[in-house]
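K.L.:
One structure coming up, written as structure tokens, with questions to follow.
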Amino acid sequence: MDLDAITENAQRIVDALPEDVELVAAAKSRTVAEVMAAIEGGVQRIGHNYVQEAEAMIPYLEADVEWHLIGHLQRNKAKKAVDLFDVVETLDSHRLAAALERRCAAQSRSMPCLVEVNSGKESSKTGVLPGEVRDFVEGVAELEHLEIVGLMTMGPRFGDPNEARSYFKATRRAFDELSSLELPGVSMRYLSMGMSLTWHVAIDEGANVVRIGTELFGERD
Ligand SMILES: *Cc1c(COP(=O)(O)O)cnc(C)c1O
């Protein structure tokens, strides 16, 4: 897709979103120029799935944007992730949390994290099972340098966006339960769910962060 079209898509999506909903541009496999075009259209948050792709972009892109990690993070990449990202949306294990905690402590910074929920309970997917989210959050909330700020879920990539609804509902339930607990070290501010095909449904079910790639940048090769 040409760069002007990306800028126009960004403007259109930003305009269409309710005021309290944030857009994260899902930038996997996109170029610096494509991401710049999206920023020109009003995008303020960029999501990367891979540390390696982020490394090839973040230091070279001079823009005042927030960088979100939205893909699964391996523990051995925790240091690089802490160097590169402003927010980790995919906290999904105690061991990863411990690795991030160590790296953040070494840099005297804190990391806002969303816990990834495996709302479809698919064994092939990463994330914490809905029934285990509460225990998981109670555990990681004790880590001094991790700030638990919300939940994220992928949901299935079905053709019919309505099929994603029950997965979003399950995540929303966990979000509401955690909010009501008012745990120290936890502030449930962000519910990140919905992608190109499903973001309308996700917002309908309470999302206030949507992660959009294809609708913004065009089909991936
Ligand atoms: C690719 C991706 C998206 C965006 O998906 P599209 O269908 O291209 O909009 C959102 N979240 C994550 C974690 C992704 O990997």
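Here's how to read the names in the structure tokens: chain A, B, ... by the order shown, residue numbers from 1 in each chain, ligand numbers from 1 in the order shown.
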Would you list the residues that come within 10 Å of ligand 1? Count only C-alpha atoms and all ligand atoms and give the answer as JSON, numbers by chain.
P.N.:
{"A": [24, 25, 26, 27, 28, 29, 47, 48, 49, 50, 69, 70, 71, 72, 89, 90, 116, 152, 153, 154, 155, 157, 192, 193, 194, 195, 196, 197, 198, 199, 210, 211, 212, 213, 214, 215, 216, 217, 218, 219, 220]}
K.L.:
Would you list the contacts of Arg173 (chain A) as a PyMOL selection string, taking every protein, DNA or RNA residue within 12 Å and counting only C-alpha atoms, but skipping same-chain residues closer than 3 positions in sequence?
P.N.:
chain A and resi 117+119+130-131+133-134+151+166-170+176-180+191+205-207
K.L.:
If you keep N, CA and C atoms, can you produce a file of those selected residues as a PDB file, in the first residue's frame?
P.N.:
ATOM      1  N   VAL A 117      -4.238 -12.801  28.287  1.00  0.00           N
ATOM      2  CA  VAL A 117      -5.202 -13.830  28.667  1.00  0.00           C
ATOM      3  C   VAL A 117      -5.459 -14.744  27.474  1.00  0.00           C
ATOM      4  N   SER A 119      -7.895 -16.327  26.181  1.00  0.00           N
ATOM      5  CA  SER A 119      -9.341 -16.368  26.385  1.00  0.00           C
ATOM      6  C   SER A 119      -9.998 -17.523  25.635  1.00  0.00           C
ATOM      7  N   PRO A 130      -8.133 -17.901  31.620  1.00  0.00           N
ATOM      8  CA  PRO A 130      -9.018 -16.971  32.343  1.00  0.00           C
ATOM      9  C   PRO A 130      -9.185 -17.328  33.819  1.00  0.00           C
ATOM     10  N   GLY A 131      -9.307 -18.603  34.122  1.00  0.00           N
ATOM     11  CA  GLY A 131      -9.507 -19.017  35.504  1.00  0.00           C
ATOM     12  C   GLY A 131      -8.279 -18.839  36.383  1.00  0.00           C
ATOM     13  N   VAL A 133      -6.096 -16.115  35.917  1.00  0.00           N
ATOM     14  CA  VAL A 133      -5.593 -14.735  35.807  1.00  0.00           C
ATOM     15  C   VAL A 133      -5.477 -14.072  37.177  1.00  0.00           C
ATOM     16  N   ARG A 134      -6.477 -14.301  38.003  1.00  0.00           N
ATOM     17  CA  ARG A 134      -6.465 -13.633  39.304  1.00  0.00           C
ATOM     18  C   ARG A 134      -5.233 -14.034  40.133  1.00  0.00           C
ATOM     19  N   LEU A 151      -5.272  -5.936  30.981  1.00  0.00           N
ATOM     20  CA  LEU A 151      -5.287  -7.254  30.352  1.00  0.00           C
ATOM     21  C   LEU A 151      -5.320  -7.102  28.836  1.00  0.00           C
ATOM     22  N   SER A 166     -17.489 -13.909  22.625  1.00  0.00           N
ATOM     23  CA  SER A 166     -17.459 -14.618  23.908  1.00  0.00           C
ATOM     24  C   SER A 166     -16.048 -14.590  24.518  1.00  0.00           C
ATOM     25  N   TYR A 167     -15.028 -14.524  23.661  1.00  0.00           N
ATOM     26  CA  TYR A 167     -13.655 -14.464  24.170  1.00  0.00           C
ATOM     27  C   TYR A 167     -13.389 -13.099  24.798  1.00  0.00           C
ATOM     28  N   PHE A 168     -13.923 -12.084  24.154  1.00  0.00           N
ATOM     29  CA  PHE A 168     -13.774 -10.735  24.717  1.00  0.00           C
ATOM     30  C   PHE A 168     -14.559 -10.607  26.019  1.00  0.00           C
ATOM     31  N   LYS A 169     -15.735 -11.194  26.050  1.00  0.00           N
ATOM     32  CA  LYS A 169     -16.540 -11.149  27.281  1.00  0.00           C
ATOM     33  C   LYS A 169     -15.805 -11.811  28.449  1.00  0.00           C
ATOM     34  N   ALA A 170     -15.191 -12.954  28.182  1.00  0.00           N
ATOM     35  CA  ALA A 170     -14.472 -13.670  29.251  1.00  0.00           C
ATOM     36  C   ALA A 170     -13.320 -12.821  29.776  1.00  0.00           C
ATOM     37  N   ASP A 176     -12.904  -6.951  35.078  1.00  0.00           N
ATOM     38  CA  ASP A 176     -13.785  -6.349  36.084  1.00  0.00           C
ATOM     39  C   ASP A 176     -13.530  -6.931  37.473  1.00  0.00           C
ATOM     40  N   GLU A 177     -13.306  -8.247  37.510  1.00  0.00           N
ATOM     41  CA  GLU A 177     -13.052  -8.879  38.805  1.00  0.00           C
ATOM     42  C   GLU A 177     -11.774  -8.307  39.421  1.00  0.00           C
ATOM     43  N   LEU A 178     -10.729  -8.204  38.600  1.00  0.00           N
ATOM     44  CA  LEU A 178      -9.466  -7.675  39.116  1.00  0.00           C
ATOM     45  C   LEU A 178      -9.607  -6.214  39.527  1.00  0.00           C
ATOM     46  N   SER A 179     -10.359  -5.450  38.756  1.00  0.00           N
ATOM     47  CA  SER A 179     -10.565  -4.038  39.122  1.00  0.00           C
ATOM     48  C   SER A 179     -11.185  -3.938  40.501  1.00  0.00           C
ATOM     49  N   SER A 180     -12.168  -4.800  40.760  1.00  0.00           N
ATOM     50  CA  SER A 180     -12.899  -4.688  42.021  1.00  0.00           C
ATOM     51  C   SER A 180     -12.046  -5.116  43.218  1.00  0.00           C
ATOM     52  N   LEU A 191      -7.748  -2.403  28.723  1.00  0.00           N
ATOM     53  CA  LEU A 191      -8.267  -3.688  28.249  1.00  0.00           C
ATOM     54  C   LEU A 191      -8.011  -3.705  26.742  1.00  0.00           C
ATOM     55  N   GLU A 205     -17.522  -4.685  23.667  1.00  0.00           N
ATOM     56  CA  GLU A 205     -17.361  -5.516  24.867  1.00  0.00           C
ATOM     57  C   GLU A 205     -16.417  -4.886  25.887  1.00  0.00           C
ATOM     58  N   GLY A 206     -16.060  -3.628  25.691  1.00  0.00           N
ATOM     59  CA  GLY A 206     -15.337  -2.911  26.743  1.00  0.00           C
ATOM     60  C   GLY A 206     -13.871  -2.626  26.491  1.00  0.00           C
ATOM     61  N   ALA A 207     -13.350  -2.983  25.317  1.00  0.00           N
ATOM     62  CA  ALA A 207     -11.934  -2.695  25.041  1.00  0.00           C
ATOM     63  C   ALA A 207     -11.697  -1.188  25.039  1.00  0.00           C
TER      64      ALA A 207
END
K.L.:
Using CA of Glu22 (chain A) and CA of Ala63 (chain A) as the two end points, give the distance in Å to one decimal.
P.N.:
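So the two atoms, CA of Glu22 (chain A) and CA of Ala63 (chain A), lie 17.5 Å apart.
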K.L.:
Under the rule that only C-alpha atoms are counted, which of A:Ala81, A:Ile148, A:Leu143, A:Leu96 is the nearest residue to Pro112 (chain A)?
P.N.:
A:Ile148
K.L.:
Which residues, written as a compact mmCIF listing (two decimals) with N, CA, C and O atoms, in the first residue's frame, have at least one atom at most 9 Å from Ile58 (chain A), with only C-alpha atoms counted and residues fewer than 4 positions away on the same chain left out?
P.N.:
# COMPACT_ATOMS: atom_id res chain seq x y z
N VAL A 32 9.99 1.16 8.21
CA VAL A 32 10.04 2.42 8.94
C VAL A 32 9.19 3.47 8.22
O VAL A 32 8.43 4.21 8.85
N GLU A 53 12.50 -7.26 15.23
CA GLU A 53 11.95 -6.22 14.34
C GLU A 53 11.95 -4.85 15.03
O GLU A 53 12.21 -3.83 14.38
N ALA A 54 11.68 -4.87 16.31
CA ALA A 54 11.66 -3.62 17.06
C ALA A 54 13.05 -2.99 17.09
O ALA A 54 13.21 -1.78 16.95
N GLU A 62 12.60 8.55 14.62
CA GLU A 62 12.54 9.65 15.57
C GLU A 62 11.14 10.22 15.63
O GLU A 62 10.76 11.05 14.82
N TRP A 67 6.00 2.66 22.46
CA TRP A 67 6.28 1.36 21.84
C TRP A 67 5.72 0.25 22.71
O TRP A 67 6.10 0.13 23.88
N LEU A 84 13.91 -1.48 24.83
CA LEU A 84 13.20 -0.95 23.65
C LEU A 84 11.79 -0.45 23.94
O LEU A 84 11.35 0.53 23.34
N PHE A 85 11.07 -1.15 24.82
CA PHE A 85 9.63 -0.92 24.89
C PHE A 85 9.20 -0.06 26.08
O PHE A 85 9.84 -0.06 27.12
K.L.:
When distances are computed from only C-alpha atoms, which of A:Leu23, A:Pro156, A:Ala141, A:Asn9 shows the smallest separation from Ile203 (chain A)?
P.N.:
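Smallest separation from Ile203 (chain A) among the options: A:Leu23.
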K.L.:
Distance CA of Asn76 (chain A)-CA of Leu61 (chain A), one decimal place?
P.N.:
24.8 Å
K.L.:
Would you mind reading off the distance between CA of Arg45 (chain A) and CA of Val149 (chain A), one decimal, in Å?
P.N.:
16.0 Å
K.L.:
Per DSSP on the backbone, filter region 5-210 of chain A down to the residues in strand (DSSP E or B) and report them as a PyMOL selection string.
P.N.:
chain A and resi 22-26+45-48+66-69+87-91+111-117+128+146-153+186-192+209-210
K.L.:
Go ahead and save the picked residues with C-alpha atoms, as a PDB file, in the first residue's frame.
P.N.:
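The resulting again.pdb:
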ATOM      1  CA  GLU A  22      -6.445   4.016  22.170  1.00  0.00           C
ATOM      2  CA  LEU A  23      -5.048   2.696  18.917  1.00  0.00           C
ATOM      3  CA  VAL A  24      -1.917   0.570  18.788  1.00  0.00           C
ATOM      4  CA  ALA A  25      -0.649   0.150  15.223  1.00  0.00           C
ATOM      5  CA  ALA A  26       0.441  -3.475  14.805  1.00  0.00           C
ATOM      6  CA  ARG A  45       1.388   3.930  19.754  1.00  0.00           C
ATOM      7  CA  ILE A  46       3.233   1.265  17.794  1.00  0.00           C
ATOM      8  CA  GLY A  47       3.097  -2.447  18.594  1.00  0.00           C
ATOM      9  CA  HIS A  48       5.785  -4.941  17.711  1.00  0.00           C
ATOM     10  CA  GLU A  66       4.869   4.803  22.692  1.00  0.00           C
ATOM     11  CA  TRP A  67       6.277   1.361  21.839  1.00  0.00           C
ATOM     12  CA  HIS A  68       4.232  -1.657  22.871  1.00  0.00           C
ATOM     13  CA  LEU A  69       5.385  -5.244  22.840  1.00  0.00           C
ATOM     14  CA  VAL A  87       4.726  -1.142  27.617  1.00  0.00           C
ATOM     15  CA  VAL A  88       4.675  -4.950  27.609  1.00  0.00           C
ATOM     16  CA  GLU A  89       1.199  -6.213  26.658  1.00  0.00           C
ATOM     17  CA  THR A  90       2.077  -9.895  26.803  1.00  0.00           C
ATOM     18  CA  LEU A  91       3.106 -10.787  30.317  1.00  0.00           C
ATOM     19  CA  MET A 111       7.509  -1.343  33.273  1.00  0.00           C
ATOM     20  CA  PRO A 112       3.771  -1.039  32.705  1.00  0.00           C
ATOM     21  CA  CYS A 113       2.530  -4.517  31.822  1.00  0.00           C
ATOM     22  CA  LEU A 114      -0.707  -6.011  30.591  1.00  0.00           C
ATOM     23  CA  VAL A 115      -1.322  -9.672  31.314  1.00  0.00           C
ATOM     24  CA  GLU A 116      -2.105 -11.705  28.218  1.00  0.00           C
ATOM     25  CA  VAL A 117      -5.202 -13.830  28.667  1.00  0.00           C
ATOM     26  CA  VAL A 128      -2.771 -17.092  31.129  1.00  0.00           C
ATOM     27  CA  LEU A 146       6.325  -4.218  37.268  1.00  0.00           C
ATOM     28  CA  GLU A 147       3.180  -2.160  37.185  1.00  0.00           C
ATOM     29  CA  ILE A 148       0.164  -4.248  36.201  1.00  0.00           C
ATOM     30  CA  VAL A 149      -2.070  -1.929  34.217  1.00  0.00           C
ATOM     31  CA  GLY A 150      -4.495  -4.185  32.403  1.00  0.00           C
ATOM     32  CA  LEU A 151      -5.287  -7.254  30.352  1.00  0.00           C
ATOM     33  CA  MET A 152      -4.749  -8.133  26.712  1.00  0.00           C
ATOM     34  CA  THR A 153      -6.198 -10.908  24.612  1.00  0.00           C
ATOM     35  CA  VAL A 186      -2.382  -3.238  40.127  1.00  0.00           C
ATOM     36  CA  SER A 187      -4.424  -0.623  38.371  1.00  0.00           C
ATOM     37  CA  MET A 188      -6.738  -2.034  35.768  1.00  0.00           C
ATOM     38  CA  ARG A 189      -6.695   0.783  33.240  1.00  0.00           C
ATOM     39  CA  TYR A 190      -6.280  -0.956  29.898  1.00  0.00           C
ATOM     40  CA  LEU A 191      -8.267  -3.688  28.249  1.00  0.00           C
ATOM     41  CA  SER A 192      -6.489  -4.427  24.974  1.00  0.00           C
ATOM     42  CA  VAL A 209      -7.098  -0.394  23.446  1.00  0.00           C
ATOM     43  CA  VAL A 210      -7.357  -1.904  19.961  1.00  0.00           C
TER      44      VAL A 210
END
K.L.:
Need the shell around Arg75 (chain A): protein/DNA/RNA residues with any atom at most 9 Å away, counting only C-alpha atoms. Skip same-chain ones fewer than 6 positions apart. Format as a VMD selection string?
P.N.:
chain A and resid 95 to 100
K.L.:
How would the residues just picked look written out with N, CA and C atoms as a tab-separated table (two decimals), in the first residue's frame?
P.N.:
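Once written, out_15.tsv looks like this:
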chain	number	residue	atom	x	y	z
A	95	ARG	N	7.94	-16.75	35.22
A	95	ARG	CA	9.38	-16.71	34.91
A	95	ARG	C	9.70	-15.49	34.06
A	96	LEU	N	8.83	-15.17	33.12
A	96	LEU	CA	9.05	-13.96	32.33
A	96	LEU	C	8.96	-12.72	33.23
A	97	ALA	N	7.99	-12.73	34.12
A	97	ALA	CA	7.83	-11.59	35.03
A	97	ALA	C	9.09	-11.40	35.86
A	98	ALA	N	9.66	-12.51	36.33
A	98	ALA	CA	10.88	-12.42	37.15
A	98	ALA	C	12.04	-11.85	36.33
A	99	ALA	N	12.13	-12.28	35.08
A	99	ALA	CA	13.22	-11.79	34.21
A	99	ALA	C	13.05	-10.29	33.94
A	100	LEU	N	11.83	-9.87	33.67
A	100	LEU	CA	11.59	-8.44	33.43
A	100	LEU	C	11.86	-7.62	34.70
K.L.:
Using the chain letters and numbers from this document, which residues of region 17-216 of chain A does DSSP assign to alpha helix (DSSP H), as a PyMOL selection string?
P.N.:
chain A and resi 32-40+51-55+78-84+94-106+133-140+165-181+199-204+214-216
K.L.:
Using only C-alpha atoms, pick whichever of A:Ala105, A:Met57, A:Val51, A:Ala33 has the shortest atom-to-atom distance to Lys80 (chain A).
P.N.:
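Between A:Ala105, A:Met57, A:Val51, A:Ala33, the residue approaching Lys80 (chain A) most closely is A:Val51.
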K.L.:
So, with only C-alpha atoms as the atoms that count, which of A:His94, A:Arg109, A:Arg103, A:Arg165 lies closest to Lys79 (chain A)?
P.N.:
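Of A:His94, A:Arg109, A:Arg103, A:Arg165, the one nearest Lys79 (chain A) is A:Arg103, counting only C-alpha atoms.
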K.L.:
Pick out the closest residue to Gly41 (chain A) from this set: A:Leu17, A:Phe175, A:Thr7, A:Pro184. Count only C-alpha atoms.
P.N.:
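So, comparing all the options, the nearest one is A:Thr7.
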K.L.:
In terms of the shortest atom-to-atom distance over only C-alpha atoms, which of A:Ala202, A:Val14, A:Ala174, A:Val137 is closest to Val43 (chain A)?
P.N.:
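Of A:Ala202, A:Val14, A:Ala174, A:Val137, the one nearest Val43 (chain A), counting only C-alpha atoms, is A:Val14.
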